[in-house]
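Here's work.pdb, which has PDB, C-alpha atoms:
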```
MODEL        1
ATOM      1  CA  MET A   1      72.794  81.785  20.361
ATOM      2  CA  ASP A   2      71.610  78.276  21.197
ATOM      3  CA  PRO A   3      67.980  77.808  20.057
ATOM      4  CA  ARG A   4      67.406  74.887  22.413
ATOM      5  CA  PHE A   5      64.994  76.043  25.097
ATOM      6  CA  VAL A   6      63.025  72.953  26.183
ATOM      7  CA  THR A   7      64.290  72.372  29.701
ATOM      8  CA  LYS A   8      63.742  69.224  31.711
ATOM      9  CA  SER A   9      61.067  71.047  33.746
ATOM     10  CA  LEU A  10      59.246  72.378  30.688
ATOM     11  CA  HIS A  11      59.324  68.916  29.138
ATOM     12  CA  ALA A  12      57.824  67.479  32.347
ATOM     13  CA  PHE A  13      54.904  69.917  32.119
ATOM     14  CA  LEU A  14      54.315  69.003  28.452
ATOM     15  CA  ASP A  15      54.316  65.237  29.003
ATOM     16  CA  TYR A  16      50.986  64.715  30.772
ATOM     17  CA  PRO A  17      48.835  66.817  28.393
ATOM     18  CA  VAL A  18      50.504  65.172  25.393
ATOM     19  CA  ALA A  19      49.835  61.696  26.804
ATOM     20  CA  VAL A  20      46.182  62.548  27.438
ATOM     21  CA  SER A  21      45.815  64.077  23.966
ATOM     22  CA  LEU A  22      47.168  60.862  22.439
ATOM     23  CA  MET A  23      44.525  58.900  24.338
ATOM     24  CA  VAL A  24      41.574  61.222  23.624
ATOM     25  CA  GLY A  25      42.528  62.940  20.344
ATOM     26  CA  PRO A  26      42.041  59.931  18.062
ATOM     27  CA  LEU A  27      38.489  59.472  19.335
ATOM     28  CA  LEU A  28      37.622  63.165  19.008
ATOM     29  CA  LEU A  29      39.127  63.361  15.509
ATOM     30  CA  GLY A  30      37.546  60.122  14.355
ATOM     31  CA  LEU A  31      40.822  58.475  13.409
ATOM     32  CA  GLY A  32      40.686  55.049  11.855
ATOM     33  CA  SER A  33      39.034  55.823   8.528
ATOM     34  CA  SER A  34      41.943  54.388   6.559
ATOM     35  CA  HIS A  35      42.983  51.721   9.083
ATOM     36  CA  SER A  36      41.713  50.843  12.575
ATOM     37  CA  MET A  37      45.326  50.692  13.755
ATOM     38  CA  ALA A  38      45.425  54.502  13.467
ATOM     39  CA  THR A  39      43.140  54.823  16.481
ATOM     40  CA  TRP A  40      44.541  52.118  18.706
ATOM     41  CA  LEU A  41      48.223  52.818  18.109
ATOM     42  CA  ALA A  42      47.789  56.430  19.244
ATOM     43  CA  ILE A  43      45.747  55.457  22.315
ATOM     44  CA  SER A  44      48.259  52.751  23.265
ATOM     45  CA  THR A  45      51.121  55.195  22.802
ATOM     46  CA  GLY A  46      49.305  57.705  25.020
ATOM     47  CA  VAL A  47      48.915  55.130  27.791
ATOM     48  CA  ALA A  48      52.596  54.196  27.480
ATOM     49  CA  ALA A  49      53.626  57.884  27.446
ATOM     50  CA  PHE A  50      51.610  58.502  30.610
ATOM     51  CA  ALA A  51      53.322  55.566  32.334
ATOM     52  CA  LEU A  52      56.740  56.719  31.088
ATOM     53  CA  THR A  53      56.117  60.183  32.521
ATOM     54  CA  LEU A  54      55.042  58.785  35.880
ATOM     55  CA  LEU A  55      58.278  56.768  36.030
ATOM     56  CA  THR A  56      60.707  59.435  34.772
ATOM     57  CA  ASP A  57      63.177  61.171  37.062
ATOM     58  CA  HIS A  58      61.968  64.717  36.475
ATOM     59  CA  LYS A  59      59.926  67.366  38.276
ATOM     60  CA  LEU A  60      56.535  65.684  37.767
ATOM     61  CA  GLY A  61      57.633  62.058  37.895
ATOM     62  CA  VAL A  62      55.840  60.125  40.618
ATOM     63  CA  ILE A  63      58.054  57.034  40.863
ATOM     64  CA  ARG A  64      61.353  58.399  39.556
ATOM     65  CA  VAL A  65      63.115  55.234  38.441
ATOM     66  CA  LEU A  66      63.854  55.992  34.758
ATOM     67  CA  PRO A  67      66.558  58.477  33.800
ATOM     68  CA  TYR A  68      65.439  61.520  31.862
ATOM     69  CA  SER A  69      67.918  60.615  29.098
ATOM     70  CA  PHE A  70      66.044  57.310  28.614
ATOM     71  CA  HIS A  71      62.762  59.229  28.429
ATOM     72  CA  LEU A  72      64.206  61.491  25.717
ATOM     73  CA  ALA A  73      65.465  58.485  23.748
ATOM     74  CA  ILE A  74      62.011  56.878  23.875
ATOM     75  CA  ASP A  75      60.419  60.165  22.765
ATOM     76  CA  GLY A  76      62.812  60.304  19.812
ATOM     77  CA  LEU A  77      62.002  56.716  18.873
ATOM     78  CA  VAL A  78      58.246  57.410  19.064
ATOM     79  CA  GLY A  79      58.706  60.458  16.828
ATOM     80  CA  VAL A  80      60.485  58.397  14.173
ATOM     81  CA  VAL A  81      57.942  55.566  14.407
ATOM     82  CA  PHE A  82      55.064  58.040  14.044
ATOM     83  CA  LEU A  83      56.636  59.469  10.874
ATOM     84  CA  ILE A  84      57.056  55.992   9.356
ATOM     85  CA  THR A  85      53.716  54.539  10.495
ATOM     86  CA  PRO A  86      51.471  56.082   7.796
ATOM     87  CA  ILE A  87      53.687  54.626   5.076
ATOM     88  CA  ALA A  88      54.077  51.242   6.773
ATOM     89  CA  PHE A  89      50.348  50.778   7.410
ATOM     90  CA  GLY A  90      48.947  52.693   4.451
ATOM     91  CA  PHE A  91      47.285  55.433   6.508
ATOM     92  CA  THR A  92      45.729  58.183   4.402
ATOM     93  CA  GLY A  93      43.864  61.408   5.063
ATOM     94  CA  ILE A  94      43.495  62.562   8.652
ATOM     95  CA  ASP A  95      45.069  59.330   9.896
ATOM     96  CA  ALA A  96      48.326  60.048   8.073
ATOM     97  CA  VAL A  97      48.339  63.768   8.878
ATOM     98  CA  TYR A  98      47.800  63.034  12.583
ATOM     99  CA  TYR A  99      50.848  60.761  12.744
ATOM    100  CA  TRP A 100      53.072  63.005  10.652
ATOM    101  CA  ALA A 101      52.140  66.079  12.718
ATOM    102  CA  ASN A 102      52.643  64.311  16.045
ATOM    103  CA  GLY A 103      55.874  62.640  14.924
ATOM    104  CA  GLY A 104      57.271  65.948  13.738
ATOM    105  CA  ALA A 105      56.215  67.733  16.930
ATOM    106  CA  VAL A 106      57.811  65.083  19.146
ATOM    107  CA  LEU A 107      61.079  65.188  17.207
ATOM    108  CA  LEU A 108      61.066  68.989  17.346
ATOM    109  CA  VAL A 109      60.680  68.953  21.135
ATOM    110  CA  VAL A 110      63.501  66.405  21.440
ATOM    111  CA  ALA A 111      65.716  68.453  19.091
ATOM    112  CA  LEU A 112      65.042  71.628  21.104
ATOM    113  CA  HIS A 113      65.956  69.932  24.396
ATOM    114  CA  LYS A 114      68.335  72.135  26.361
ATOM    115  CA  PRO A 115      71.041  70.020  27.970
ATOM    116  CA  GLU A 116      71.437  70.522  31.685
ATOM    117  CA  PRO A 117      74.745  71.887  32.936
ATOM    118  CA  GLU A 118      77.060  69.278  34.374
ATOM    119  CA  PRO A 119      77.235  69.426  38.180
ATOM    120  CA  CYS A 120      80.480  70.860  39.473
ATOM    121  CA  GLN A 121      82.668  68.391  41.283
ATOM    122  CA  ALA A 122      85.112  69.416  43.939
ATOM    123  CA  PRO A 123      88.698  68.492  43.113
ATOM    124  CA  THR A 124      89.918  65.438  44.944
ATOM    125  CA  ALA A 125      93.170  65.331  46.851
ATOM    126  CA  ALA A 126      95.796  63.051  45.364
TER     127      ALA A 126
ENDMDL
END
```
What does this structure look like when you write it as structure tokens?
Amino acid sequence: MDPRFVTKSLHAFLDYPVAVSLMVGPLLLGLGSSHSMATWLAISTGVAAFALTLLTDHKLGVIRVLPYSFHLAIDGLVGVVFLITPIAFGFTGIDAVYYWANGGAVLLVVALHKPEPEPCQAPTAA
């Protein structure tokens, strides 16, 4: 049984709340105690994630110019960067935990992405 269950539609519904949480969460949690970059990197990523979602060709995209596969690749890259960031910038405490938790969650969602079935093509006459 394939454990991948995150469909393109489900992912679309997750994107906006995640983007908003990246913009608001750092302020509510008081990130930045170990490095001010901890706050502003998350907020900037949230703004970028919101824009990416608006531009993605999926159910809730507004201007659907970016392929969903590109969106997934960017999500994967963000997940990896979030896992590395605490080490690279010396984040400690809640700052580090925030990035490790979010990086892991993003990579988990990408890993659980359920590929869409290929559209059937009618055979062509030779």
TODO: Might you pull out every residue within 12 Å of stretch 23-28 of chain A, with only C-alpha atoms counted and same-chain residues fewer than 3 positions away left off, and present them as a ChimeraX atom specification?
DONE: /A:16-20,31-33,36-50,94-99,102
Task: Output check: residues returned by the PyMOL selection byres ((chain A and resi 74-83) around 8), as a PyMOL selection string - done: chain A and resi 70-73+84-86+99-100+102-107+110
Open item on the list: Just the number, please: distance in Å from atom CA of A:Pro117 to atom CA of A:Leu66, one decimal.
Closed with: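 Atom-to-atom, atom CA of A:Pro117 and atom CA of A:Leu66 are spaced 19.4 Å apart.
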Open item on the list: Can you translate the PyMOL selection byres ((chain A and resi 54-65) around 8) into the concrete residues it hits in this file, as an MDAnalysis selection string?
Closed with: chainID A and resid 8:9 12:13 50:53 66:68 71
Let's have the selection written as an mmCIF file, keeping the file's coordinate frame, with C-alpha atoms.
```cif
data_model
loop_
_atom_site.group_PDB
_atom_site.id
_atom_site.type_symbol
_atom_site.label_atom_id
_atom_site.label_comp_id
_atom_site.auth_asym_id
_atom_site.auth_seq_id
_atom_site.Cartn_x
_atom_site.Cartn_y
_atom_site.Cartn_z
ATOM 1 C CA LYS A 8 63.742 69.224 31.711
ATOM 2 C CA SER A 9 61.067 71.047 33.746
ATOM 3 C CA ALA A 12 57.824 67.479 32.347
ATOM 4 C CA PHE A 13 54.904 69.917 32.119
ATOM 5 C CA PHE A 50 51.610 58.502 30.610
ATOM 6 C CA ALA A 51 53.322 55.566 32.334
ATOM 7 C CA LEU A 52 56.740 56.719 31.088
ATOM 8 C CA THR A 53 56.117 60.183 32.521
ATOM 9 C CA LEU A 66 63.854 55.992 34.758
ATOM 10 C CA PRO A 67 66.558 58.477 33.800
ATOM 11 C CA TYR A 68 65.439 61.520 31.862
ATOM 12 C CA HIS A 71 62.762 59.229 28.429
#
```
Open item on the list: As an exercise, work out the distance from atom CA of A:Arg4 to atom CA of A:His113 in Å and give it to one decimal place.
Closed with: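 Computed distance, atom CA of A:Arg4 to atom CA of A:His113, equals 5.5 Å.
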TODO: Rounded to one decimal place, report the atom CA of A:Ser21-atom CA of A:Pro3 distance in Å.
DONE: 26.4 Å
- [ ] Point out the residue among A:His35, A:Thr7, A:Asp15, A:Ala101 with the least atom-to-atom distance to A:Ala88, counting all atoms listed in the file.
- [x] A:His35
- [ ] Between A:Leu108, A:Leu14, A:Val6, A:Ser34, single out the one closest to A:Thr92, counting only C-alpha atoms.
- [x]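 Comparing A:Leu108, A:Leu14, A:Val6, A:Ser34 against A:Thr92, the winner is A:Ser34.
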